[in-house]
file upload-v5.csv (CSV, C-alpha atoms)
chain,number,residue,atom,x,y,z
A,1,MET,CA,-43.8,-138.5,96.4
A,2,THR,CA,-41.0,-139.6,98.6
A,3,ALA,CA,-43.0,-142.8,99.2
A,4,VAL,CA,-43.3,-143.4,95.5
A,5,LEU,CA,-39.6,-142.7,94.9
A,6,GLY,CA,-38.7,-145.0,97.8
A,7,LEU,CA,-40.9,-147.6,96.3
A,8,LEU,CA,-39.2,-147.3,92.9
A,9,LYS,CA,-35.8,-147.5,94.4
A,10,SER,CA,-36.7,-150.9,96.1
A,11,ASN,CA,-36.5,-154.1,94.2
A,12,ILE,CA,-40.2,-154.8,94.7
A,13,ALA,CA,-41.2,-151.9,92.4
A,14,LEU,CA,-39.5,-153.2,89.2
A,15,PRO,CA,-41.0,-156.7,89.0
A,16,LEU,CA,-44.4,-155.2,90.0
A,17,CYS,CA,-44.2,-152.8,87.1
A,18,GLU,CA,-43.3,-155.6,84.7
A,19,ASN,CA,-46.3,-157.6,85.8
A,20,VAL,CA,-48.6,-154.6,85.4
A,21,LEU,CA,-47.3,-153.8,81.9
A,22,GLU,CA,-47.7,-157.5,80.8
A,23,SER,CA,-51.3,-157.5,81.9
A,24,LEU,CA,-51.9,-154.4,79.9
A,25,GLY,CA,-50.1,-155.8,76.8
A,26,LEU,CA,-47.5,-153.0,76.8
A,27,GLY,CA,-43.8,-153.5,76.3
A,28,TRP,CA,-40.9,-151.3,77.2
A,29,TRP,CA,-40.4,-150.3,73.6
A,30,GLU,CA,-44.0,-149.2,73.3
A,31,ILE,CA,-43.7,-147.1,76.4
A,32,LEU,CA,-40.5,-145.6,75.1
A,33,PHE,CA,-42.0,-145.0,71.7
A,34,HIS,CA,-45.1,-143.4,73.2
A,35,THR,CA,-42.9,-141.3,75.6
A,36,VAL,CA,-40.8,-140.1,72.7
A,37,ASN,CA,-44.0,-139.4,70.8
A,38,LEU,CA,-45.4,-137.5,73.7
A,39,ILE,CA,-42.2,-135.5,74.0
A,40,ILE,CA,-42.2,-134.7,70.3
A,41,LEU,CA,-45.9,-133.8,70.5
A,42,ILE,CA,-45.2,-131.5,73.5
A,43,VAL,CA,-42.2,-129.9,71.7
A,44,ALA,CA,-44.3,-129.5,68.5
A,45,LEU,CA,-47.2,-128.1,70.3
A,46,ARG,CA,-44.9,-125.8,72.1
A,47,PHE,CA,-43.5,-124.5,68.8
A,48,LEU,CA,-46.7,-124.7,66.7
A,49,LEU,CA,-49.3,-123.7,69.2
A,50,TYR,CA,-48.0,-122.4,72.5
A,51,LYS,CA,-45.4,-120.0,71.1
A,52,PRO,CA,-47.7,-118.4,68.4
A,53,ILE,CA,-50.5,-118.1,70.9
A,54,LYS,CA,-48.2,-116.6,73.5
A,55,ARG,CA,-46.8,-114.3,70.8
A,56,MET,CA,-50.4,-113.3,69.9
A,57,THR,CA,-51.4,-112.8,73.5
A,58,ASP,CA,-48.2,-110.8,74.1
A,59,LYS,CA,-48.9,-108.7,71.1
A,60,HIS,CA,-52.5,-108.2,72.2
A,61,LYS,CA,-51.2,-107.3,75.7
A,62,GLU,CA,-48.8,-104.9,74.2
A,63,LYS,CA,-51.5,-103.3,72.1
A,64,LEU,CA,-53.7,-103.0,75.1
A,65,ASN,CA,-50.9,-101.4,77.0
A,66,GLU,CA,-50.4,-99.0,74.1
A,67,VAL,CA,-54.1,-98.2,74.0
A,68,PHE,CA,-54.0,-97.8,77.8
A,69,GLU,CA,-51.0,-95.5,77.6
A,70,GLU,CA,-52.6,-93.5,74.8
A,71,ASN,CA,-55.8,-93.1,76.8
A,72,LYS,CA,-53.8,-92.0,79.8
A,73,ARG,CA,-51.9,-89.5,77.6
A,74,LEU,CA,-55.2,-88.3,76.0
A,75,GLU,CA,-56.8,-88.0,79.5
A,76,GLN,CA,-53.9,-85.9,80.7
A,77,GLU,CA,-54.1,-83.8,77.6
A,78,ALA,CA,-57.8,-83.3,78.1
A,79,VAL,CA,-57.2,-82.3,81.7
A,80,LYS,CA,-54.5,-79.8,80.6
A,81,MET,CA,-56.8,-78.4,77.9
A,82,LYS,CA,-59.6,-78.1,80.4
A,83,ASP,CA,-57.2,-76.2,82.8
A,84,ASP,CA,-56.1,-74.0,79.9
A,85,TYR,CA,-59.7,-73.4,78.9
A,86,THR,CA,-60.7,-72.5,82.5
A,87,LYS,CA,-57.7,-70.2,82.7
A,88,LEU,CA,-58.7,-68.5,79.4
A,89,MET,CA,-62.3,-68.1,80.5
A,90,ASP,CA,-61.1,-66.6,83.8
A,91,ASP,CA,-58.8,-64.2,81.9
A,92,ALA,CA,-61.6,-63.4,79.5
A,93,LYS,CA,-64.0,-62.7,82.3
A,94,LYS,CA,-61.4,-60.5,84.1
A,95,GLU,CA,-60.8,-58.6,80.8
A,96,ALA,CA,-64.5,-58.2,80.2
A,97,VAL,CA,-64.9,-56.8,83.7
A,98,LYS,CA,-62.0,-54.5,83.2
A,99,ILE,CA,-63.3,-53.3,79.8
A,100,SER,CA,-66.8,-52.7,81.2
A,101,LEU,CA,-65.3,-50.7,84.1
A,102,GLU,CA,-63.2,-48.6,81.8
A,103,ALA,CA,-66.3,-48.0,79.5
A,104,ALA,CA,-68.4,-47.0,82.6
A,105,GLN,CA,-65.6,-44.7,83.7
A,106,ASN,CA,-65.3,-43.2,80.2
A,107,ALA,CA,-69.0,-42.7,80.0
A,108,GLN,CA,-69.1,-41.1,83.4
A,109,LYS,CA,-66.2,-38.8,82.4
A,110,LYS,CA,-67.9,-38.0,79.0
A,111,SER,CA,-71.2,-37.2,80.7
A,112,GLU,CA,-69.5,-34.9,83.2
A,113,GLU,CA,-67.7,-33.1,80.4
A,114,VAL,CA,-71.0,-32.7,78.5
A,115,ILE,CA,-72.7,-31.4,81.7
A,116,GLU,CA,-69.8,-29.0,82.3
A,117,GLU,CA,-70.0,-27.8,78.7
A,118,ALA,CA,-73.7,-27.3,79.0
A,119,ASN,CA,-73.2,-25.4,82.3
A,120,GLU,CA,-70.6,-23.2,80.6
A,121,GLN,CA,-72.9,-22.5,77.7
A,122,ALA,CA,-75.7,-21.7,80.1
A,123,ARG,CA,-73.4,-19.3,82.0
A,124,ASN,CA,-72.3,-17.7,78.8
A,125,ILE,CA,-75.9,-17.3,77.7
A,126,ILE,CA,-76.8,-15.7,81.0
A,127,GLU,CA,-73.8,-13.4,80.9
A,128,ASN,CA,-74.7,-12.3,77.4
A,129,ALA,CA,-78.3,-11.8,78.3
A,130,LYS,CA,-77.2,-9.7,81.3
A,131,ARG,CA,-74.8,-7.7,79.1
A,132,GLU,CA,-77.5,-7.2,76.5
A,133,THR,CA,-80.0,-6.2,79.2
A,134,LEU,CA,-77.6,-3.6,80.5
A,135,VAL,CA,-76.9,-2.3,77.0
A,136,GLU,CA,-80.7,-2.1,76.3
A,137,LYS,CA,-81.2,-0.4,79.7
A,138,GLU,CA,-78.6,2.2,78.9
A,139,ARG,CA,-80.0,2.7,75.4
A,140,LEU,CA,-83.5,3.1,76.9
A,141,LYS,CA,-82.1,5.5,79.5
A,142,SER,CA,-80.4,7.5,76.8
A,143,ASP,CA,-83.5,7.5,74.6
A,144,PHE,CA,-85.6,8.5,77.6
A,145,LYS,CA,-83.1,11.3,78.4
A,146,ASP,CA,-83.2,12.5,74.8
A,147,ALA,CA,-87.0,12.4,74.8
A,148,VAL,CA,-87.2,14.2,78.1
A,149,GLY,CA,-84.7,16.8,77.0
A,150,LYS,CA,-86.5,17.3,73.7
A,151,LEU,CA,-89.8,17.6,75.5
A,152,SER,CA,-88.4,20.0,78.1
A,153,VAL,CA,-86.9,22.2,75.4
A,154,GLU,CA,-90.2,22.2,73.5
A,155,ILE,CA,-92.1,23.1,76.6
A,156,ALA,CA,-89.5,25.8,77.4
A,157,GLU,CA,-89.9,27.1,73.8
A,158,LYS,CA,-93.7,27.3,74.2
A,159,VAL,CA,-93.5,29.0,77.6
A,160,LEU,CA,-90.8,31.5,76.6
A,161,GLU,CA,-92.8,32.4,73.4
A,162,ARG,CA,-95.7,33.4,75.7
A,163,GLU,CA,-93.7,34.9,78.5
A,164,ILE,CA,-90.9,37.0,76.8
A,165,ASN,CA,-92.1,40.6,76.5
A,166,GLU,CA,-90.5,43.7,75.1
A,167,SER,CA,-88.7,44.6,78.2
A,168,ASP,CA,-87.2,41.1,78.5
A,169,ASN,CA,-86.1,41.3,74.9
A,170,GLU,CA,-84.4,44.7,75.6
A,171,ASP,CA,-82.5,43.1,78.5
A,172,ILE,CA,-81.4,40.2,76.4
A,173,ILE,CA,-80.2,42.6,73.6
A,174,ASP,CA,-78.3,44.8,76.2
A,175,LYS,CA,-76.5,41.8,77.7
A,176,CYS,CA,-75.4,40.3,74.4
A,177,LEU,CA,-74.3,43.7,73.1
A,178,LYS,CA,-72.1,44.1,76.2
A,179,GLN,CA,-70.5,40.7,75.5
A,180,TRP,CA,-70.0,41.5,71.7
A,181,GLU,CA,-68.5,44.9,72.5
A,182,ASP,CA,-65.4,43.2,74.1
A,183,LYS,CA,-65.0,40.7,71.3
B,1,MET,CA,-69.9,49.3,52.1
B,2,SER,CA,-70.5,46.2,54.4
B,3,LEU,CA,-74.0,45.0,55.0
B,4,ILE,CA,-75.0,43.8,58.5
B,5,GLN,CA,-78.2,41.8,58.8
B,6,VAL,CA,-80.0,42.0,62.2
B,7,MET,CA,-82.9,39.6,62.8
B,8,SER,CA,-85.1,39.8,65.9
B,9,ALA,CA,-88.2,38.1,67.3
B,10,GLN,CA,-89.9,41.4,67.8
B,11,ALA,CA,-89.6,44.8,66.1
B,12,LEU,CA,-86.7,46.6,67.7
B,13,SER,CA,-87.0,50.0,69.3
B,14,GLU,CA,-85.0,52.9,67.9
B,15,ASP,CA,-82.9,52.9,71.1
B,16,SER,CA,-82.0,49.2,70.6
B,17,LYS,CA,-81.2,49.8,67.0
B,18,ARG,CA,-78.9,52.7,67.9
B,19,LYS,CA,-77.1,50.5,70.5
B,20,ILE,CA,-76.6,47.7,68.0
B,21,GLU,CA,-75.3,50.1,65.3
B,22,THR,CA,-72.8,51.7,67.8
B,23,VAL,CA,-71.3,48.4,68.7
B,24,PHE,CA,-70.9,47.1,65.2
B,25,ARG,CA,-69.7,50.3,63.6
B,26,LYS,CA,-66.7,50.1,66.0
B,27,LYS,CA,-65.8,46.7,64.5
B,28,HIS,CA,-65.5,48.1,61.0
B,29,ASP,CA,-63.2,50.8,59.7
B,30,GLU,CA,-65.4,51.5,56.7
B,31,ALA,CA,-69.0,52.5,56.5
B,32,VAL,CA,-71.6,49.8,57.3
B,33,GLU,CA,-75.3,49.4,56.4
B,34,PHE,CA,-77.8,47.7,58.6
B,35,ALA,CA,-80.8,45.6,57.5
B,36,TYR,CA,-83.4,44.7,60.1
B,37,ALA,CA,-85.9,41.8,59.8
B,38,VAL,CA,-88.4,40.2,62.2
B,39,ASP,CA,-88.6,36.4,62.7
B,40,GLY,CA,-91.1,35.3,65.3
B,41,SER,CA,-89.5,31.8,65.4
B,42,LEU,CA,-86.5,33.3,67.2
B,43,ILE,CA,-88.7,33.7,70.3
B,44,GLY,CA,-86.5,36.4,71.8
B,45,GLY,CA,-83.1,38.2,71.4
B,46,ILE,CA,-81.3,39.0,68.2
B,47,LEU,CA,-79.2,37.4,65.5
B,48,VAL,CA,-76.6,39.5,63.8
B,49,ILE,CA,-75.0,38.4,60.6
B,50,ASP,CA,-71.8,40.3,59.9
B,51,GLY,CA,-70.3,38.9,56.7
B,52,GLU,CA,-69.1,35.5,57.7
B,53,CYS,CA,-69.6,36.1,61.4
B,54,TYR,CA,-72.7,35.1,63.2
B,55,TYR,CA,-73.7,36.7,66.5
B,56,ASP,CA,-76.5,34.6,68.0
B,57,ALA,CA,-78.2,35.9,71.1
B,58,THR,CA,-81.6,34.4,70.3
B,59,VAL,CA,-83.6,32.3,72.7
B,60,LYS,CA,-84.1,29.8,69.9
B,61,GLY,CA,-80.3,29.5,69.6
B,62,GLN,CA,-79.8,29.0,73.3
B,63,LEU,CA,-82.5,26.3,73.4
B,64,ALA,CA,-80.8,24.6,70.5
B,65,VAL,CA,-77.5,24.6,72.4
B,66,ILE,CA,-79.3,23.1,75.5
B,67,LYS,CA,-80.9,20.5,73.3
B,68,ARG,CA,-77.5,19.5,71.9
B,69,ASN,CA,-76.0,19.3,75.3
B,70,LEU,CA,-78.8,17.1,76.6
B,71,LYS,CA,-78.0,14.5,74.0
call {"tool": "encode", "arguments": {"input": "upload-v5.csv", "output": "structure tokens"}}
result
Amino acid sequence: MTAVLGLLKSNIALPLCENVLESLGLGWWEILFHTVNLIILIVALRFLLYKPIKRMTDKHKEKLNEVFEENKRLEQEAVKMKDDYTKLMDDAKKEAVKISLEAAQNAQKKSEEVIEEANEQARNIIENAKRETLVEKERLKSDFKDAVGKLSVEIAEKVLEREINESDNEDIIDKCLKQWEDK
Amino acid sequence: MSLIQVMSAQALSEDSKRKIETVFRKKHDEAVEFAYAVDGSLIGGILVIDGECYYDATVKGQLAVIKRNLK
């Protein structure tokens, strides 16, 4: 590059260029014209092609960024929801364990109460049976005593009917008369 | 005249009758009459019914008392 600039700056370069341009059939005005055309083309292309395409690609990039951001946000949301769900599941499991423990304890307590009630009823039945047995025993004793008494008196009646003679009768009469005399 | 009924298990001797009449005449100011009867079911002793008063010295009566007391 510095060599080319050096060459251009020297006087050799300019006549050399003129010779080359003459052999190609190009004049300075054509070169200038084509240069201006090129510049205009470049400027036009810049405004008609480059800028719209750049705008489109920028828009596309922006959209992609938006989608990327949205994905990121949704991913974060999904992670948060998963965490919430996991926490809910853990809480629900703990609650279920607590409820089943309570139910087991209640069932245990209830069964103990039922057993105690049954024991109490059994004890009452036994007590009642004992009481009734005692009452029945007393009744039988009393009935037996009555029967024995009745039988003894009947036997005594029979024996006395046979054994009491006139002399015994006289004695009985004398004794009772002595008692009645004082009355 | 009052009537006194005397019931006995066996026929009473005259001596027994006399003793009974002596005791019961003392209880009355007026004259009394005695009626004697025999009831074998009395077993022994005598039962004297003097108006509303009962004098029970029968064996049957005593046995009834024993029977009552045994209940």
call {"tool": "interface_residues", "arguments": {"input": "upload-v5.csv", "of": "chain B", "to": "chain A", "cutoff": "9 Å", "atoms": "only C-alpha atoms", "output": "NGL selection string"}}
result
:B and (9-10 or 12-13 or 16 or 19-20 or 23-24 or 26-27 or 40-46 or 55-60 or 63-64 or 66-67 or 70-71)
call {"tool": "residues_around", "arguments": {"input": "upload-v5.csv", "residues": "Phe34 of chain B", "least_positions_apart": "5", "cutoff": "8 Å", "atoms": "all atoms listed in the file", "output": "ChimeraX atom specification"}}
result
/B:3-6,21
call {"tool": "atom_distance", "arguments": {"input": "upload-v5.csv", "atom1": "atom CA of Tyr36 of chain B", "atom2": "atom CA of Val48 of chain B"}}
result
9.3 Å
call {"tool": "atom_distance", "arguments": {"input": "upload-v5.csv", "atom1": "atom CA of Gly25 of chain A", "atom2": "atom CA of Leu41 of chain A"}}
result
23.3 Å
call {"tool": "closest_residue", "arguments": {"input": "upload-v5.csv", "among": "B:Ala11, B:Ser2, B:Gly61, B:Asn69", "to": "Arg25 of chain B", "atoms": "all atoms listed in the file"}}
result
B:Ser2
call {"tool": "atom_distance", "arguments": {"input": "upload-v5.csv", "atom1": "atom CA of Arg18 of chain B", "atom2": "atom CA of Glu52 of chain B"}}
result
22.3 Å
call {"tool": "closest_residue", "arguments": {"input": "upload-v5.csv", "among": "B:Val32, B:Leu47, B:Cys53, B:Val65", "to": "Met7 of chain B", "atoms": "all atoms listed in the file"}}
result
B:Leu47
call {"tool": "decode", "arguments": {"input": "upload-v5.csv", "residues": "segment 36-66 of chain A", "atoms": "N, CA and C atoms", "output": "PDB file, in the first residue's frame"}}
result
ATOM      1  N   VAL A  36     -19.027   7.837 -10.253  1.00  0.00           N
ATOM      2  CA  VAL A  36     -20.243   8.454  -9.646  1.00  0.00           C
ATOM      3  C   VAL A  36     -21.388   7.450  -9.648  1.00  0.00           C
ATOM      4  N   ASN A  37     -21.498   6.731 -10.831  1.00  0.00           N
ATOM      5  CA  ASN A  37     -22.544   5.685 -10.903  1.00  0.00           C
ATOM      6  C   ASN A  37     -22.402   4.663  -9.804  1.00  0.00           C
ATOM      7  N   LEU A  38     -21.145   4.269  -9.626  1.00  0.00           N
ATOM      8  CA  LEU A  38     -20.869   3.267  -8.576  1.00  0.00           C
ATOM      9  C   LEU A  38     -21.271   3.784  -7.204  1.00  0.00           C
ATOM     10  N   ILE A  39     -20.890   5.071  -6.990  1.00  0.00           N
ATOM     11  CA  ILE A  39     -21.210   5.659  -5.682  1.00  0.00           C
ATOM     12  C   ILE A  39     -22.726   5.703  -5.480  1.00  0.00           C
ATOM     13  N   ILE A  40     -23.394   6.160  -6.607  1.00  0.00           N
ATOM     14  CA  ILE A  40     -24.875   6.241  -6.517  1.00  0.00           C
ATOM     15  C   ILE A  40     -25.451   4.856  -6.265  1.00  0.00           C
ATOM     16  N   LEU A  41     -24.890   3.865  -7.019  1.00  0.00           N
ATOM     17  CA  LEU A  41     -25.373   2.484  -6.837  1.00  0.00           C
ATOM     18  C   LEU A  41     -25.172   2.010  -5.410  1.00  0.00           C
ATOM     19  N   ILE A  42     -23.968   2.287  -4.915  1.00  0.00           N
ATOM     20  CA  ILE A  42     -23.686   1.850  -3.527  1.00  0.00           C
ATOM     21  C   ILE A  42     -24.651   2.499  -2.540  1.00  0.00           C
ATOM     22  N   VAL A  43     -24.845   3.861  -2.784  1.00  0.00           N
ATOM     23  CA  VAL A  43     -25.754   4.571  -1.846  1.00  0.00           C
ATOM     24  C   VAL A  43     -27.170   4.014  -1.971  1.00  0.00           C
ATOM     25  N   ALA A  44     -27.598   3.798  -3.286  1.00  0.00           N
ATOM     26  CA  ALA A  44     -28.957   3.268  -3.495  1.00  0.00           C
ATOM     27  C   ALA A  44     -29.115   1.890  -2.889  1.00  0.00           C
ATOM     28  N   LEU A  45     -28.107   1.069  -3.127  1.00  0.00           N
ATOM     29  CA  LEU A  45     -28.156  -0.284  -2.562  1.00  0.00           C
ATOM     30  C   LEU A  45     -28.189  -0.260  -1.041  1.00  0.00           C
ATOM     31  N   ARG A  46     -27.424   0.710  -0.537  1.00  0.00           N
ATOM     32  CA  ARG A  46     -27.414   0.835   0.928  1.00  0.00           C
ATOM     33  C   ARG A  46     -28.806   1.153   1.447  1.00  0.00           C
ATOM     34  N   PHE A  47     -29.495   2.100   0.746  1.00  0.00           N
ATOM     35  CA  PHE A  47     -30.817   2.503   1.238  1.00  0.00           C
ATOM     36  C   PHE A  47     -31.907   1.528   0.843  1.00  0.00           C
ATOM     37  N   LEU A  48     -31.768   0.919  -0.355  1.00  0.00           N
ATOM     38  CA  LEU A  48     -32.866   0.060  -0.839  1.00  0.00           C
ATOM     39  C   LEU A  48     -32.713  -1.395  -0.429  1.00  0.00           C
ATOM     40  N   LEU A  49     -31.455  -1.802  -0.238  1.00  0.00           N
ATOM     41  CA  LEU A  49     -31.257  -3.228   0.040  1.00  0.00           C
ATOM     42  C   LEU A  49     -30.673  -3.469   1.428  1.00  0.00           C
ATOM     43  N   TYR A  50     -29.528  -2.816   1.654  1.00  0.00           N
ATOM     44  CA  TYR A  50     -28.800  -3.082   2.892  1.00  0.00           C
ATOM     45  C   TYR A  50     -29.611  -2.735   4.143  1.00  0.00           C
ATOM     46  N   LYS A  51     -30.156  -1.468   4.125  1.00  0.00           N
ATOM     47  CA  LYS A  51     -30.888  -1.021   5.337  1.00  0.00           C
ATOM     48  C   LYS A  51     -32.131  -1.851   5.605  1.00  0.00           C
ATOM     49  N   PRO A  52     -32.999  -2.126   4.537  1.00  0.00           N
ATOM     50  CA  PRO A  52     -34.167  -2.980   4.821  1.00  0.00           C
ATOM     51  C   PRO A  52     -33.781  -4.352   5.336  1.00  0.00           C
ATOM     52  N   ILE A  53     -32.728  -4.915   4.618  1.00  0.00           N
ATOM     53  CA  ILE A  53     -32.315  -6.248   5.066  1.00  0.00           C
ATOM     54  C   ILE A  53     -31.794  -6.197   6.486  1.00  0.00           C
ATOM     55  N   LYS A  54     -31.032  -5.152   6.769  1.00  0.00           N
ATOM     56  CA  LYS A  54     -30.505  -5.013   8.147  1.00  0.00           C
ATOM     57  C   LYS A  54     -31.632  -4.852   9.144  1.00  0.00           C
ATOM     58  N   ARG A  55     -32.656  -4.021   8.704  1.00  0.00           N
ATOM     59  CA  ARG A  55     -33.813  -3.822   9.605  1.00  0.00           C
ATOM     60  C   ARG A  55     -34.491  -5.147   9.865  1.00  0.00           C
ATOM     61  N   MET A  56     -34.677  -5.928   8.724  1.00  0.00           N
ATOM     62  CA  MET A  56     -35.349  -7.224   8.846  1.00  0.00           C
ATOM     63  C   MET A  56     -34.581  -8.158   9.756  1.00  0.00           C
ATOM     64  N   THR A  57     -33.267  -8.212   9.519  1.00  0.00           N
ATOM     65  CA  THR A  57     -32.458  -9.117  10.356  1.00  0.00           C
ATOM     66  C   THR A  57     -32.453  -8.657  11.807  1.00  0.00           C
ATOM     67  N   ASP A  58     -32.444  -7.297  12.003  1.00  0.00           N
ATOM     68  CA  ASP A  58     -32.488  -6.789  13.381  1.00  0.00           C
ATOM     69  C   ASP A  58     -33.796  -7.173  14.052  1.00  0.00           C
ATOM     70  N   LYS A  59     -34.891  -6.991  13.197  1.00  0.00           N
ATOM     71  CA  LYS A  59     -36.219  -7.358  13.756  1.00  0.00           C
ATOM     72  C   LYS A  59     -36.231  -8.832  14.117  1.00  0.00           C
ATOM     73  N   HIS A  60     -35.698  -9.637  13.188  1.00  0.00           N
ATOM     74  CA  HIS A  60     -35.665 -11.086  13.405  1.00  0.00           C
ATOM     75  C   HIS A  60     -34.873 -11.422  14.644  1.00  0.00           C
ATOM     76  N   LYS A  61     -33.726 -10.733  14.775  1.00  0.00           N
ATOM     77  CA  LYS A  61     -32.875 -10.959  15.960  1.00  0.00           C
ATOM     78  C   LYS A  61     -33.630 -10.575  17.237  1.00  0.00           C
ATOM     79  N   GLU A  62     -34.331  -9.433  17.108  1.00  0.00           N
ATOM     80  CA  GLU A  62     -35.096  -8.967  18.282  1.00  0.00           C
ATOM     81  C   GLU A  62     -36.138  -9.989  18.666  1.00  0.00           C
ATOM     82  N   LYS A  63     -36.836 -10.489  17.584  1.00  0.00           N
ATOM     83  CA  LYS A  63     -37.889 -11.486  17.858  1.00  0.00           C
ATOM     84  C   LYS A  63     -37.288 -12.727  18.497  1.00  0.00           C
ATOM     85  N   LEU A  64     -36.165 -13.157  17.955  1.00  0.00           N
ATOM     86  CA  LEU A  64     -35.489 -14.332  18.507  1.00  0.00           C
ATOM     87  C   LEU A  64     -35.132 -14.110  19.975  1.00  0.00           C
ATOM     88  N   ASN A  65     -34.632 -12.876  20.244  1.00  0.00           N
ATOM     89  CA  ASN A  65     -34.291 -12.551  21.643  1.00  0.00           C
ATOM     90  C   ASN A  65     -35.519 -12.610  22.528  1.00  0.00           C
ATOM     91  N   GLU A  66     -36.614 -12.053  21.949  1.00  0.00           N
ATOM     92  CA  GLU A  66     -37.867 -12.065  22.721  1.00  0.00           C
ATOM     93  C   GLU A  66     -38.274 -13.494  23.031  1.00  0.00           C
TER      94      GLU A  66
END
